[in-house]
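> I am attaching a structure below and will ask some questions about it afterwards.
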2 protein chains.
Amino acid sequence: MIEDKNQQRTPLSEFGEFGLIDHLTKNFKIQQKSTVKSIGDDAAVLNFKNKNIVVTTDMLVEGVHFDLSYVPLKHLGYKAVIVNLSDVYAMNARATQVTVSVAVSNRFPVEALEELYAGIETAASIYNIDVVGGDTTSSTTGLLISVTAIGEVETSHETYRSGAKPNDLLVVSGDLGGAYMGLQVLEREKEVYKVNPQNQPDLSLYTYIIERQLKPEARKDIVKLLEDLKVKPTSMIDVSDGLSSEIIHLCKNSKVGCDLYEEKIPLDPQVISTCEEFNIDSTTVALNGGEDYELLFTISQDDYPKIKANPHLTVIGHMKEAKEGMHLVTRADTRIPIKAQGWKNFNA
Amino acid sequence: MIEDKNQQRTPLSEFGEFGLIDHLTKNFKIQQKSTVKSIGDDAAVLNFKNKNIVVTTDMLVEGVHFDLSYVPLKHLGYKAVIVNLSDVYAMNARATQVTVSVAVSNRFPVEALEELYAGIETAASIYNIDVVGGDTTSSTTGLLISVTAIGEVETSHETYRSGAKPNDLLVVSGDLGGAYMGLQVLEREKEVYKVNPQNQPDLSLYTYIIERQLKPEARKDIVKLLEDLKVKPTSMIDVSDGLSSEIIHLCKNSKVGCDLYEEKIPLDPQVISTCEEFNIDSTTVALNGGEDYELLFTISQDDYPKIKANPHLTVIGHMKEAKEGMHLVTRADTRIPIKAQGWKNFNA
C-alpha cells in the first residue's frame with residue numbers, strides 16, 4: 001500500500017504486440033525434457049513419450065479474484081501459475097509446462113508487466129516448469145491472467161475425483177482456512193488505509209495467513225510424498241473453493257457419502273486466533289473459505305499405516321454409502337449436512 | 001444489429017460457478033482418440049502415444065478484438081476457436097483439443113453464454129476437435145475469451161517459422177485482405193445505424209468479406225492437401241496480423257530475405273471492389289489488414305510442380321539471402337522495403 005512515486009513508467013505502446021511478449025519472457029529458461037520448442041513460433045512443441053498428459057486452465061480477473069490495492073503484481077503472477085499447478089497435482093500428475101495469457105489496460109506501464117512476469121518466472125523456476133506460450137493483449141479496463149497448465153502422469157498413477165469407495169479414509173494435506181483469514185485481514189487494513197493513509201499497519205501477528213493468501217503454494221511435495229510412500233489415492237481434488245464443495249465433488253463423482261469430523265480439521269493457531277479476533281467460526285472458514293490449494297484425497301484403509309505418522313497429512317473423515325449422505329460430525333457429536341458454498345462470484 | 005426484445009434472460013447467478021460450465025458444455029461430444037478424460041475433473045487427460053504435441057493460446061477481448069454491436073456471440077465463439085486452430089495448423093499439425101476460458105460480466109444473461117458456447121461447439125464439431133477444459137468466471141466489465149489449442153504432429157512433419165532457405169518459393173493459401181475490408185464495412189454500417197436505427201443495411205455486395213471477418217475459417221484443408229501432395233513446407237506461419245508482419249517473422253526466424261511480388265498477391269474481386277469504394281489501396285490492405293487466417297509458407301523449388309496447378313495456393317515471391325533484405329516488388333517494378341505494421345493494439 002506504499003507507492004513509490006519515482007518508479008519508472010514505460011508505456012506499453014513502446015513495444016509492439018510481438019516485442020512485448022519477447023521482452024517479458026526473454027529470461028525464461030527451459031527445464032523440462034518434454035519441451036521440444038518453447039515460445040517463439042505459432043505454437044510450442046512438446047513430447048511426453050507414451051505418458052498421459054493432463055491439461056487444465058484457470059483465469060484470474062481483477063476486481064473478482066484479486067484487488068491490486070494490496071496484491072503485489074509479482075505475487076499475482078506467482079499465484080496465477082500456482083492455482084493451475086494445483087489442479088495438475090490434484091490429478092497425481094507432475095506439472096511440466098504452462099502457457100500464460102495476459103490482458104492489460106494502458107494504465108499499466110511495462111514495469112508493472114515485468115513485475116507480473118517476474119512472479120510467473122519465480123513460480124516456474126521453483127516448481128521446475130517451462131513457460132512455453134503466451135499472449136499479451138490490451139484490455140479496455142482491468143488486468144486479467146489466463147493460465148493453462150500441462151503435466152504428465154503414468155496411467156497407473158492417475159487419480160480422478162471419481163474413485164472413492166465407502167470406508168476409504170478422507171485425508172487433507174496441510175491446514176485449512178488460512179488464505180481466507182489472510183484476505184479478511186488485508187481487506188480490513190485496506191479500509192483502515194482509506195481512512196488514514198499514514199497508518200502503518202502491524203501485520204506481524206498475521207504473517208502466515210497473509211502469505212497463504214498472497215503467495216499460496218501448490219502441493220507438489222504431496223504428490224512426491226504419496227509416490228514415495230507407495231500410496232495411490234482412490235480419489236483426489238485440490239481445495240480451491242473450500243472443503244465443503246470439494247468433499248461434495250468427490251462424493252458426487254465417486255457416488256459415495258461421507259462423514260467429516262469437525263475436531264479433525266487441521267487449523268493453524270494463527271487461523272484460530274484470527275477467527276476469534278474477527279468473531280468468525282473457524283470450522284465455517286475451513287469449510288467455505290477456499291484458496292488454500294491443499295490436496296484432499298481418499299485412501300484405502302489398508303494404506304492408513306503408511307500415512308498416519310506424517311505431519312503433512314491429516315485424516316479428517318471417512319467415506320460411506322451414498323444413501324447415508326454427506327455430514328459434518330460436530331464436536332458436540334451432532335450431524336449437520338454438508339452444503340456447497342464456495343465462491344459464488346456471479347452473484348451481483 | 002436487430003435486437004429481439006422478447007428474448008429470455010436468465011441471470012448468471014442462477015447457476016453456481018460449477019453449474020454454469022456443466023450447463024454450457026453438457027452437449028459437447030468427444031471425437032478424438034487422444035482424449036482420455038474431458039471436462040469434469042481437476043484437469044483433462046490426453047494421450048498422444050509417441051507423437052509430438054503442439055500447444056498454443058490466444059485471447060479475444062471485447063472492445064479490442066471485437067465489437068458486440070455487430071459480432072453475433074455465436075460467431076465470436078466460433079472465431080475464438082478458429083484463431084487458435086489456425087496456429088496449430090501453422091505448425092503443420094493436426095488440431096485435437098481446446099480449452100476455453102470465458103470471463104463475462106453480469107450484464108450477459110445465461111442465454112448469451114449459450115450462444116457463445118454454441119459457436120464453440122460448432123467449431124469443435126466442424127474441425128473435429130474436443131473441448132476438454134474450461135473456466136467460466138465473472139468480469140467487472142466486458143467479455144473476454146481465452147482459448148488454448150492442442151494438436152499432434154509426427155516429428156517428420158513439424159514446420160517451424162525458421163526453416164526457409166534462399167531460393168525457396170513463398171506461397172500463400174486462399175486470398176488476403178477480406179477480413180479487414182469486411183471490418184471496414186461493418187464499422188461503416190455501425191455508424192449509419194447510430195444515426196438512423198431504422199435503416200436496414202444492404203450488405204449483399206459484401207457477403208464474402210463480411211463472412212471473412214465474422215466467421216473466419218482455419219486452413220485445416222491445406223495441411224491435409226500438403227500431406228497428400230507430399231510437400232513439406234520449409235517454414236510456415238498463419239496470416240493473423242497481415243502479410244507484412246508474417247513475412248518478417250519467417251525471414252527473421254529463418255535468417256533469410258524475401259522478394260514479394262505485388263501482382264501475385266491473391267485478392268478476391270469483392271476485396272478489390274470494396275477497396276475502390278473505400279478508396280484504400282488493396283495491396284496495403286493485404287499487407288497490413290490481418291485476420292485472414294490463411295497459411296503462409298515456403299517450399300523448395302523442387303516441390304513447385306506439385307503445387308503449381310492448385311487453385312488454393314499462390315506463389316507470391318521467393319526467399320533470398322538475409323543481406324538482400326525484404327522487399328515488395330511493385331507492379332511498376334520498384335522495390336519497397338517491407339515493414340511490420342500488424343495490430344498495434346497497445347497504442348492508445
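In the C-alpha cells, chains take letters A, B, ... by order of appearance, with residues numbered from 1 within each chain and ligands from 1 in the order shown.
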Select residues of chain A: the criterion is any atom within 8 Å of an atom of chain B, counting only C-alpha atoms; output as a ChimeraX atom specification.
/A:12-13,16-17,41-59,61-64,87-88,90-91,99-101,103,106,133-135,137-141,146,148,160-161,237-238,343-348
> What residues in stretch 141-266 of chain B get the DSSP label strand (DSSP E)? Please answer as an mmCIF file with C-alpha atoms, in the first residue's frame.

```cif
data_model
loop_
_atom_site.group_PDB
_atom_site.id
_atom_site.type_symbol
_atom_site.label_atom_id
_atom_site.label_comp_id
_atom_site.auth_asym_id
_atom_site.auth_seq_id
_atom_site.Cartn_x
_atom_site.Cartn_y
_atom_site.Cartn_z
ATOM 1 C CA LEU B 144 -13.092 -11.986 -22.701
ATOM 2 C CA ILE B 145 -12.371 -15.402 -24.203
ATOM 3 C CA SER B 146 -9.078 -17.226 -23.748
ATOM 4 C CA VAL B 147 -8.543 -20.419 -25.736
ATOM 5 C CA THR B 148 -5.660 -22.885 -25.635
ATOM 6 C CA ALA B 149 -5.453 -25.313 -28.560
ATOM 7 C CA ILE B 150 -3.570 -28.604 -28.618
ATOM 8 C CA GLY B 151 -2.596 -30.667 -31.629
ATOM 9 C CA GLU B 152 -0.444 -33.614 -32.626
ATOM 10 C CA VAL B 153 2.219 -33.955 -35.261
ATOM 11 C CA LEU B 169 9.239 -20.159 -53.001
ATOM 12 C CA LEU B 170 6.858 -18.129 -50.833
ATOM 13 C CA VAL B 171 3.315 -19.496 -51.049
ATOM 14 C CA VAL B 172 0.019 -18.368 -49.543
ATOM 15 C CA SER B 173 -3.319 -20.164 -49.362
ATOM 16 C CA SER B 235 8.719 -22.878 -42.931
ATOM 17 C CA MET B 236 5.139 -21.872 -42.151
ATOM 18 C CA ILE B 237 3.078 -19.279 -40.262
ATOM 19 C CA ASP B 238 -0.565 -18.263 -40.275
ATOM 20 C CA VAL B 239 -1.623 -14.853 -41.548
ATOM 21 C CA VAL B 256 16.731 -15.009 -44.970
ATOM 22 C CA GLY B 257 15.474 -12.140 -47.114
ATOM 23 C CA CYS B 258 12.491 -12.072 -49.451
ATOM 24 C CA ASP B 259 11.082 -10.614 -52.643
ATOM 25 C CA LEU B 260 7.289 -10.362 -52.595
ATOM 26 C CA TYR B 261 5.564 -9.614 -55.912
#
```
> Measuring atom to atom with only C-alpha atoms, identify which of A:Glu324, A:Gly182, A:Lys190, A:Val83 is nearest to A:Ser69.
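Ranking A:Glu324, A:Gly182, A:Lys190, A:Val83 by distance to A:Ser69, first place goes to A:Lys190.
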> Would you pick out the contacts of A:Gly119 at 7 Å or less, using only C-alpha atoms, so that residues sharing its chain but fewer than 5 positions from it are not included, and give the list as a VMD selection string?
chain A and resid 74 to 78
> Any chance you could export the current selection's C-alpha atoms as a short mmCIF file (atom, residue, chain, number, x, y, z; two decimals), in the first residue's frame?

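Done, and the output landed in part08.cif:
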```cif
data_model
loop_
_atom_site.label_atom_id
_atom_site.label_comp_id
_atom_site.auth_asym_id
_atom_site.auth_seq_id
_atom_site.Cartn_x
_atom_site.Cartn_y
_atom_site.Cartn_z
CA LYS A 74 4.78 -10.23 -8.55
CA HIS A 75 2.69 -12.23 -6.10
CA LEU A 76 -0.20 -12.16 -8.53
CA GLY A 77 1.91 -13.67 -11.32
CA TYR A 78 3.13 -16.32 -8.91
#
```
> Record the distance separating atom CA of A:Lys220 and atom CA of A:Tyr127, expressed in Å with one decimal.
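Here the two named atoms are 7.8 Å from each other.
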> Kindly indicate which residue among B:Leu313, B:Ile248, B:Leu73, B:Val271 lies nearest to B:Gly325, using only C-alpha atoms for the distances.
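Ranked by minimum distance to B:Gly325, first place goes to B:Ile248.
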> Using only C-alpha atoms, pick whichever of A:Pro269, A:Pro201, A:Pro166, A:Leu243 has the shortest atom-to-atom distance to A:Ala322.
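Ranking A:Pro269, A:Pro201, A:Pro166, A:Leu243 by distance to A:Ala322, first place goes to A:Pro166.
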